[in-house]
>>> print(open('run-v5.cif').read())   # mmCIF, C-alpha atoms
data_coords
loop_
_atom_site.label_atom_id
_atom_site.label_comp_id
_atom_site.auth_asym_id
_atom_site.auth_seq_id
_atom_site.Cartn_x
_atom_site.Cartn_y
_atom_site.Cartn_z
CA MET A 1 -87.47 -1.16 -3.51
CA PRO A 2 -84.42 -1.66 -1.30
CA LEU A 3 -84.94 -2.18 2.40
CA PHE A 4 -82.82 -2.60 5.51
CA ASP A 5 -82.93 -6.09 7.00
CA ARG A 6 -81.08 -7.18 10.11
CA GLY A 7 -81.61 -10.81 9.11
CA VAL A 8 -78.26 -10.61 7.32
CA ALA A 9 -76.69 -11.20 10.75
CA SER A 10 -77.03 -14.96 10.13
CA HIS A 11 -74.75 -14.64 7.08
CA VAL A 12 -72.19 -12.75 9.17
CA GLN A 13 -72.27 -15.45 11.85
CA ILE A 14 -71.59 -18.11 9.21
CA GLN A 15 -68.68 -16.04 7.91
CA MET A 16 -67.22 -15.67 11.42
CA LEU A 17 -67.48 -19.42 12.01
CA ASP A 18 -65.76 -20.09 8.69
CA PHE A 19 -62.54 -18.20 9.33
CA SER A 20 -62.48 -19.24 13.01
CA SER A 21 -62.65 -22.89 12.01
CA ARG A 22 -59.94 -22.31 9.38
CA ALA A 23 -57.66 -20.88 12.06
CA GLU A 24 -58.28 -23.79 14.39
CA GLY A 25 -57.63 -26.16 11.50
CA ILE A 26 -54.00 -24.99 11.25
CA SER A 27 -52.26 -27.44 13.53
CA PRO A 28 -48.46 -27.60 13.22
CA CYS A 29 -46.76 -30.69 14.58
CA GLY A 30 -43.85 -28.45 15.61
CA ILE A 31 -43.37 -24.75 16.37
CA TYR A 32 -39.82 -23.41 16.65
CA ALA A 33 -38.72 -19.87 17.53
CA PHE A 34 -35.15 -18.76 17.02
CA VAL A 35 -32.81 -15.96 16.01
CA ASP A 36 -32.15 -16.51 12.33
CA LYS A 37 -29.70 -13.67 11.80
CA ALA A 38 -27.89 -10.97 13.75
CA GLN A 39 -25.63 -8.26 12.35
CA VAL A 40 -23.15 -6.37 14.50
CA TRP A 41 -20.48 -3.74 13.95
CA LEU A 42 -17.21 -3.67 15.89
CA LYS A 43 -14.67 -0.92 16.55
CA GLN A 44 -11.80 -3.40 16.77
CA PRO A 45 -11.71 -6.33 14.29
CA LEU A 46 -11.66 -9.79 15.86
CA SER A 47 -8.72 -12.14 15.55
CA HIS A 48 -8.71 -14.89 12.94
CA GLU A 49 -8.95 -17.58 15.65
CA ARG A 50 -12.00 -15.99 17.24
CA LEU A 51 -13.71 -15.60 13.89
CA LYS A 52 -13.13 -19.30 13.18
CA TRP A 53 -14.70 -20.17 16.53
CA LEU A 54 -17.71 -17.92 15.84
CA LYS A 55 -18.20 -19.57 12.48
CA ARG A 56 -18.42 -22.98 14.17
CA GLN A 57 -21.07 -21.56 16.49
CA CYS A 58 -23.34 -20.57 13.58
CA GLY A 59 -25.81 -22.66 11.65
CA PRO A 60 -25.72 -23.63 7.96
CA GLY A 61 -25.74 -19.98 6.92
CA GLY A 62 -22.37 -19.56 8.60
CA LEU A 63 -20.59 -16.32 9.45
CA HIS A 64 -20.12 -13.45 7.00
CA LYS A 65 -17.44 -10.92 7.86
CA LYS A 66 -16.19 -7.77 6.18
CA ARG A 67 -13.62 -5.19 7.20
CA GLU A 68 -14.89 -1.78 6.20
CA ARG A 69 -15.85 1.50 7.80
CA ALA A 70 -19.53 1.93 8.51
CA TRP A 71 -20.97 4.76 6.43
CA PHE A 72 -22.90 6.04 9.46
CA ASP A 73 -20.02 5.84 11.98
CA CYS A 74 -16.37 5.95 10.94
CA THR A 75 -15.24 4.41 14.25
CA LEU A 76 -16.87 1.06 13.38
CA MET A 77 -14.36 -1.05 11.46
CA GLN A 78 -15.78 -4.58 11.04
CA ARG A 79 -19.20 -5.99 10.16
CA LEU A 80 -20.24 -9.48 11.25
CA GLN A 81 -23.37 -11.27 10.16
CA LEU A 82 -24.15 -14.39 12.18
CA ASN A 83 -26.64 -16.86 10.73
CA GLN A 84 -28.53 -19.06 13.19
CA PRO A 85 -26.08 -18.12 15.97
CA SER A 86 -25.83 -20.28 19.08
CA LEU A 87 -26.37 -18.90 22.55
CA GLU A 88 -22.63 -19.17 23.16
CA ALA A 89 -21.85 -17.09 20.08
CA LEU A 90 -24.11 -14.24 21.17
CA GLN A 91 -22.89 -14.37 24.76
CA SER A 92 -19.26 -14.21 23.65
CA LEU A 93 -19.92 -10.91 21.85
CA CYS A 94 -21.81 -9.25 24.70
CA SER A 95 -18.65 -8.19 26.50
CA ILE A 96 -17.15 -6.32 23.52
CA ASP A 97 -17.07 -2.56 24.11
CA GLY A 98 -18.59 -0.36 21.45
CA LEU A 99 -20.42 -3.19 19.68
CA LEU A 100 -23.46 -2.05 17.69
CA LEU A 101 -26.35 -4.34 16.84
CA ASN A 102 -28.23 -2.95 13.84
CA TYR A 103 -30.04 -5.84 12.15
CA VAL A 104 -31.83 -8.98 13.34
CA GLU A 105 -34.17 -11.58 11.94
CA ILE A 106 -36.47 -13.18 14.51
CA SER A 107 -37.92 -16.36 13.04
CA LEU A 108 -40.72 -18.82 13.56
CA ASP A 109 -41.02 -22.21 11.87
CA TRP A 110 -44.31 -24.08 11.63
CA VAL A 111 -43.70 -27.68 10.67
CA PHE A 112 -46.52 -29.85 9.27
CA ASP A 113 -47.08 -33.52 8.56
CA HIS A 114 -47.88 -33.08 4.88
CA GLU A 115 -47.71 -30.60 2.03
CA GLY A 116 -51.43 -29.81 1.99
CA ALA A 117 -51.41 -28.64 5.62
CA ARG A 118 -48.33 -26.51 4.94
CA ASN A 119 -49.89 -24.85 1.90
CA GLY A 120 -53.13 -24.23 3.78
CA ALA A 121 -51.26 -22.48 6.61
CA TYR A 122 -49.29 -20.37 4.13
CA ASP A 123 -52.45 -19.30 2.28
CA PHE A 124 -54.13 -18.49 5.59
CA MET A 125 -51.25 -16.23 6.63
CA CYS A 126 -51.25 -14.44 3.28
CA GLN A 127 -54.98 -13.78 3.49
CA TYR A 128 -55.44 -12.80 7.14
CA HIS A 129 -52.16 -11.39 8.48
CA VAL A 130 -52.00 -7.62 8.90
CA LYS A 131 -49.09 -5.42 9.92
CA LYS A 132 -49.31 -2.31 12.04
CA TYR A 133 -48.29 0.98 10.43
CA HIS A 134 -48.25 -0.64 7.00
CA ARG A 135 -49.80 2.12 4.93
CA GLY A 136 -47.85 2.81 1.74
CA GLN A 137 -45.46 -0.13 2.06
CA GLY A 138 -47.38 -2.51 -0.19
CA ILE A 139 -47.01 -6.29 -0.51
CA ARG A 140 -44.08 -7.78 -2.42
CA TRP A 141 -43.98 -11.30 -3.88
CA GLU A 142 -41.01 -13.35 -5.01
CA GLY A 143 -40.28 -16.90 -6.09
CA GLY A 144 -43.38 -17.25 -8.22
CA GLY A 145 -45.73 -16.40 -5.36
CA VAL A 146 -44.22 -18.64 -2.67
CA THR A 147 -42.55 -15.82 -0.72
CA ARG A 148 -44.51 -12.85 0.63
CA TYR A 149 -42.98 -9.67 2.04
CA THR A 150 -44.97 -6.99 3.86
CA GLY A 151 -42.87 -4.20 2.41
CA PRO A 152 -39.73 -3.19 0.51
CA ARG A 153 -36.26 -4.25 1.62
CA LYS A 154 -35.46 -0.79 2.97
CA ALA A 155 -38.43 -0.80 5.38
CA PRO A 156 -37.37 -0.92 9.06
CA ASN A 157 -39.78 -3.77 9.81
CA VAL A 158 -40.66 -6.46 7.26
CA LEU A 159 -42.32 -9.83 7.70
CA ALA A 160 -41.24 -12.45 5.18
CA VAL A 161 -43.30 -15.64 4.87
CA TYR A 162 -42.29 -18.53 2.65
CA ARG A 163 -43.10 -22.21 2.21
CA ASP A 164 -40.55 -23.56 -0.25
CA ARG A 165 -37.63 -24.26 2.10
CA PRO A 166 -37.07 -26.81 4.88
CA SER A 167 -37.05 -25.83 8.52
CA LYS A 168 -33.74 -24.31 9.56
CA VAL A 169 -34.15 -26.01 12.96
CA THR A 170 -35.13 -29.57 12.10
CA GLY A 171 -34.64 -29.85 8.33
CA GLU A 172 -38.24 -30.99 7.80
CA VAL A 173 -39.54 -30.00 4.38
CA ASN A 174 -43.21 -29.20 5.08
CA CYS A 175 -42.47 -25.90 6.77
CA VAL A 176 -43.92 -22.39 6.77
CA HIS A 177 -41.14 -20.00 7.75
CA LEU A 178 -41.81 -16.54 9.20
CA ASP A 179 -39.01 -13.98 9.39
CA TRP A 180 -39.53 -10.68 11.20
CA ARG A 181 -36.70 -8.49 9.91
CA ILE A 182 -35.74 -5.41 11.90
CA LYS A 183 -33.33 -3.01 10.23
CA GLY A 184 -31.54 -0.19 12.00
CA ALA A 185 -30.74 0.63 15.60
CA VAL A 186 -33.78 2.91 15.90
CA ALA A 187 -36.21 0.19 14.81
CA LEU A 188 -34.52 -2.29 17.14
CA ARG A 189 -34.86 0.15 20.02
CA ARG A 190 -38.58 0.46 19.34
CA ALA A 191 -38.82 -3.33 19.50
CA GLY A 192 -37.09 -3.33 22.88
CA ILE A 193 -33.81 -4.74 21.54
CA THR A 194 -30.95 -2.38 22.28
CA SER A 195 -28.18 -4.93 22.76
CA LEU A 196 -27.23 -8.56 22.28
CA THR A 197 -28.27 -9.15 25.90
CA ASP A 198 -31.80 -8.02 25.03
CA LEU A 199 -31.76 -10.36 22.04
CA ILE A 200 -30.64 -13.30 24.19
CA GLU A 201 -33.32 -12.60 26.80
CA LEU A 202 -36.07 -11.90 24.26
CA ASP A 203 -39.45 -13.44 25.10
CA HIS A 204 -40.28 -14.92 21.71
CA ARG A 205 -43.87 -15.72 22.58
CA GLN A 206 -44.54 -12.13 23.60
CA PHE A 207 -42.64 -10.85 20.56
CA TRP A 208 -44.81 -12.81 18.13
CA ASN A 209 -47.99 -12.20 20.09
CA GLY A 210 -47.71 -8.51 19.20
CA ARG A 211 -46.89 -9.16 15.55
CA LEU A 212 -48.78 -12.27 14.50
CA LEU A 213 -51.93 -10.22 13.99
CA LEU A 214 -54.66 -12.13 12.17
CA ARG A 215 -57.72 -10.19 11.08
CA ALA A 216 -60.73 -11.13 8.99
CA LEU A 217 -63.18 -8.73 7.38
CA SER A 218 -66.88 -8.51 8.07
CA LEU A 219 -68.03 -8.50 4.45
CA ARG A 220 -71.37 -6.97 5.34
CA ASP A 221 -69.75 -4.04 7.17
CA LEU A 222 -67.15 -3.60 4.43
CA GLY A 223 -69.83 -3.46 1.74
CA ARG A 224 -71.99 -1.08 3.77
CA MET A 225 -69.11 1.34 4.35
CA TYR A 226 -68.12 1.12 0.71
CA HIS A 227 -71.67 1.95 -0.46
CA VAL A 228 -71.91 4.86 2.00
CA HIS A 229 -68.55 6.15 0.74
CA VAL A 230 -69.52 5.84 -2.93
CA THR A 231 -73.06 7.24 -2.65
CA GLY A 232 -72.19 9.90 -0.08
CA LYS A 233 -75.55 9.41 1.63
CA GLY A 234 -74.22 9.41 5.16
CA ARG A 235 -74.04 6.69 7.76
CA ARG A 236 -76.45 3.81 8.13
CA ARG A 237 -76.41 0.81 10.43
CA GLY A 238 -78.74 -1.62 8.71
CA ALA A 239 -77.98 -3.92 5.79
CA TRP A 240 -79.05 -3.08 2.24
CA VAL A 241 -81.27 -5.89 0.99
CA PHE A 242 -83.68 -5.98 -1.91
CA PHE A 243 -85.70 -8.75 -3.49
CA SER A 244 -85.40 -9.76 -7.12
CA GLY A 245 -87.05 -12.19 -9.49
CA ARG A 246 -90.51 -13.75 -9.39
CA MET A 247 -89.68 -15.75 -6.27
CA GLY A 248 -88.47 -12.66 -4.49
CA PHE A 249 -85.02 -13.94 -3.60
CA PRO A 250 -83.19 -11.58 -1.24
CA TYR A 251 -80.12 -9.86 -2.65
CA HIS A 252 -77.79 -8.69 0.10
CA ALA A 253 -76.08 -5.78 -1.65
CA ASP A 254 -73.65 -4.96 1.15
CA LEU A 255 -72.59 -8.56 1.61
CA ARG A 256 -72.09 -9.05 -2.13
CA ALA A 257 -70.09 -5.83 -2.44
CA GLY A 258 -67.82 -6.78 0.47
CA ALA A 259 -67.24 -10.23 -1.01
CA ALA A 260 -66.42 -8.73 -4.42
CA ILE A 261 -63.87 -6.34 -2.88
CA LEU A 262 -62.14 -9.13 -0.95
CA ARG A 263 -62.15 -11.42 -3.98
CA ALA A 264 -60.55 -8.68 -6.11
CA LEU A 265 -57.86 -7.69 -3.58
CA ASN A 266 -57.39 -11.18 -2.10
CA SER A 267 -56.31 -10.33 1.46
CA THR A 268 -57.25 -8.32 4.52
CA GLN A 269 -54.01 -6.31 4.26
CA ALA A 270 -54.67 -5.38 0.65
CA VAL A 271 -58.18 -4.17 1.51
CA LEU A 272 -56.79 -2.07 4.36
CA ASP A 273 -54.13 -0.57 2.11
CA CYS A 274 -56.68 0.28 -0.57
CA TYR A 275 -59.43 1.84 1.57
CA ILE A 276 -57.77 3.01 4.80
CA GLY A 277 -57.78 6.65 3.70
CA LYS A 278 -61.30 6.59 2.27
CA PHE A 279 -63.38 5.30 5.17
CA ASN A 280 -62.85 3.70 8.56
CA VAL A 281 -62.16 0.21 7.25
CA ASN A 282 -60.69 -0.78 10.64
CA ARG A 283 -64.24 -1.06 11.92
CA CYS A 284 -64.73 -3.96 9.53
CA LEU A 285 -61.97 -6.03 11.14
CA ARG A 286 -62.62 -9.08 13.28
CA ASN A 287 -59.93 -10.77 15.38
CA VAL A 288 -58.85 -14.28 14.43
CA SER A 289 -57.16 -16.09 17.28
CA GLY A 290 -53.69 -17.37 16.45
CA GLU A 291 -52.62 -18.12 20.01
CA HIS A 292 -52.12 -21.81 19.24
CA LEU A 293 -49.55 -20.80 16.58
CA LEU A 294 -47.29 -18.96 19.02
CA PRO A 295 -44.11 -20.57 20.38
CA GLN A 296 -44.40 -22.07 23.86
CA ASP A 297 -40.76 -21.73 24.81
CA PHE A 298 -37.44 -20.81 23.28
CA SER A 299 -33.91 -22.09 23.25
CA LEU A 300 -30.99 -21.17 21.00
#
>>> encode(input="run-v5.cif", output="structure tokens")
Amino acid sequence: MPLFDRGVASHVQIQMLDFSSRAEGISPCGIYAFVDKAQVWLKQPLSHERLKWLKRQCGPGGLHKKRERAWFDCTLMQRLQLNQPSLEALQSLCSIDGLLLNYVEISLDWVFDHEGARNGAYDFMCQYHVKKYHRGQGIRWEGGGVTRYTGPRKAPNVLAVYRDRPSKVTGEVNCVHLDWRIKGAVALRRAGITSLTDLIELDHRQFWNGRLLLRALSLRDLGRMYHVHVTGKGRRRGAWVFFSGRMGFPYHADLRAGAAILRALNSTQAVLDCYIGKFNVNRCLRNVSGEHLLPQDFSL
């Protein structure tokens, strides 16, 4: 006969210690925050000489320019995309009347001493990172599984994480790169970035603190809620445990079910996406501290 046993709490404590120790084990030798890309529209095209100067103020990605009318505003005549722009480049554009900023990529590089540490940090991010208001966006993979996107390209906010390219700041190869991509003036406004001045003065630590959300799942709670949802027998607080075999070994049904769900879906975000409309899966979440992975300061 099944019974409810609160002794399963010891298993939950072991689980909590496991993912907490994994988080603490991620120790980059360098953390770099920077603006990877900024796209602006201008009403009056810039001179050839000024464009040449702007190009010199950009990183390896350079400056991409195109003279065309914006489909959303016929008064905007030139589009500029600055890759790894310097502080001087952004400041020089601040004084231009009618300039519209409508796309940015805010980036974070974690640099490691060796490939194993880099891969471990990447796998950790893929498993535990969750994005607010993600329902319906899905997870997209490219590059044979080395690049993870939290949604489609058209989404106003997308986090891209990849591990197969060197740091754009230092050139070191063992790097996990995080790109928070904000598309559209409305999405930028919600992020508190309404102008290039806001972008220059952005507090990168605070920015990532609200977006580098790491959550683990209590497998016992997940399994319990799943069983209640499937059986329709109402709420219960205790764990479902029964004994099997001659020796009477305990079988923790909730814990096993939660582990099976996570193993099948492979990440906290995927579990949320799958069950968020079926039961209150948010109650299964446990915070994982990533404060040591945030940038300490910022300079263009």
>>> closest_residue(input="run-v5.cif", among="A:Lys278, A:His292, A:Lys66, A:Arg140", to="A:Met225", atoms="only C-alpha atoms")
A:Lys278
>>> residues_around(input="run-v5.cif", residues="stretch 79-88 of chain A", least_positions_apart="3", cutoff="7 Å", atoms="all atoms listed in the file", output="PyMOL selection string")
chain A and resi 35-42+57-59+61-67+91-92+300
>>> residues_around(input="run-v5.cif", residues="A:Pro166", least_positions_apart="6", cutoff="9 Å", atoms="only C-alpha atoms", output="list in words")
Val111, Glu172, Val173, Asn174, Cys175, Val176 and His177 of chain A
>>> residues_around(input="run-v5.cif", residues="stretch 204-212 of chain A", least_positions_apart="2", cutoff="10 Å", atoms="all atoms listed in the file", output="PyMOL selection string")
chain A and resi 32-35+106-108+125+128-132+159+178+180+191-192+199+201-202+214-215+289-291+293-299
>>> atom_distance(input="run-v5.cif", atom1="atom CA of A:Gly30", atom2="atom CA of A:Arg118")
11.7 Å
>>> atom_distance(input="run-v5.cif", atom1="atom CA of A:Arg263", atom2="atom CA of A:Gly25")
21.8 Å
>>> closest_residue(input="run-v5.cif", among="A:Gln78, A:Asn280, A:Asn157, A:Ser195", to="A:Val228", atoms="all atoms listed in the file")
A:Asn280
>>> atom_distance(input="run-v5.cif", atom1="atom CA of A:Gly151", atom2="atom CA of A:Cys274")
14.8 Å
>>> resolve_selection(input="run-v5.cif", expression="the PyMOL selection byres ((chain A and resi 270) around 10)", output="tab-separated table (two decimals) with C-alpha atoms, in the frame of the given file")
chain	number	residue	atom	x	y	z
A	127	GLN	CA	-54.98	-13.78	3.49
A	128	TYR	CA	-55.44	-12.80	7.14
A	130	VAL	CA	-52.00	-7.62	8.90
A	135	ARG	CA	-49.80	2.12	4.93
A	138	GLY	CA	-47.38	-2.51	-0.19
A	139	ILE	CA	-47.01	-6.29	-0.51
A	261	ILE	CA	-63.87	-6.34	-2.88
A	262	LEU	CA	-62.14	-9.13	-0.95
A	264	ALA	CA	-60.55	-8.68	-6.11
A	265	LEU	CA	-57.86	-7.69	-3.58
A	266	ASN	CA	-57.39	-11.18	-2.10
A	267	SER	CA	-56.31	-10.33	1.46
A	268	THR	CA	-57.25	-8.32	4.52
A	269	GLN	CA	-54.01	-6.31	4.26
A	271	VAL	CA	-58.18	-4.17	1.51
A	272	LEU	CA	-56.79	-2.07	4.36
A	273	ASP	CA	-54.13	-0.57	2.11
A	274	CYS	CA	-56.68	0.28	-0.57
A	275	TYR	CA	-59.43	1.84	1.57
A	276	ILE	CA	-57.77	3.01	4.80
>>> residues_around(input="run-v5.cif", residues="A:Arg286", least_positions_apart="2", cutoff="8 Å", atoms="only C-alpha atoms", output="list in words")
Arg215, Ala216, Leu217, Ser218, Cys284 and Val288 of chain A
>>> closest_residue(input="run-v5.cif", among="A:Arg181, A:His252, A:Arg50, A:Arg163", to="A:Phe112", atoms="all atoms listed in the file")
A:Arg163
>>> residues_around(input="run-v5.cif", residues="A:Arg148", least_positions_apart="4", cutoff="9 Å", atoms="all atoms listed in the file", output="JSON, numbers by chain")
{"A": [126, 139, 140, 141, 142, 143, 159, 160, 161, 162]}
>>> axis_aligned_box(input="run-v5.cif", around="stretch 79-90 of chain A", padding_each_side="4 Å", output="AutoDock Vina command-line options")
--center_x -23.9 --center_y -13.1 --center_z 16.7 --size_x 17.3 --size_y 22.3 --size_z 21.0
>>> closest_residue(input="run-v5.cif", among="A:Trp53, A:Asn102, A:Pro60, A:Met77", to="A:Thr194", atoms="only C-alpha atoms")
A:Asn102
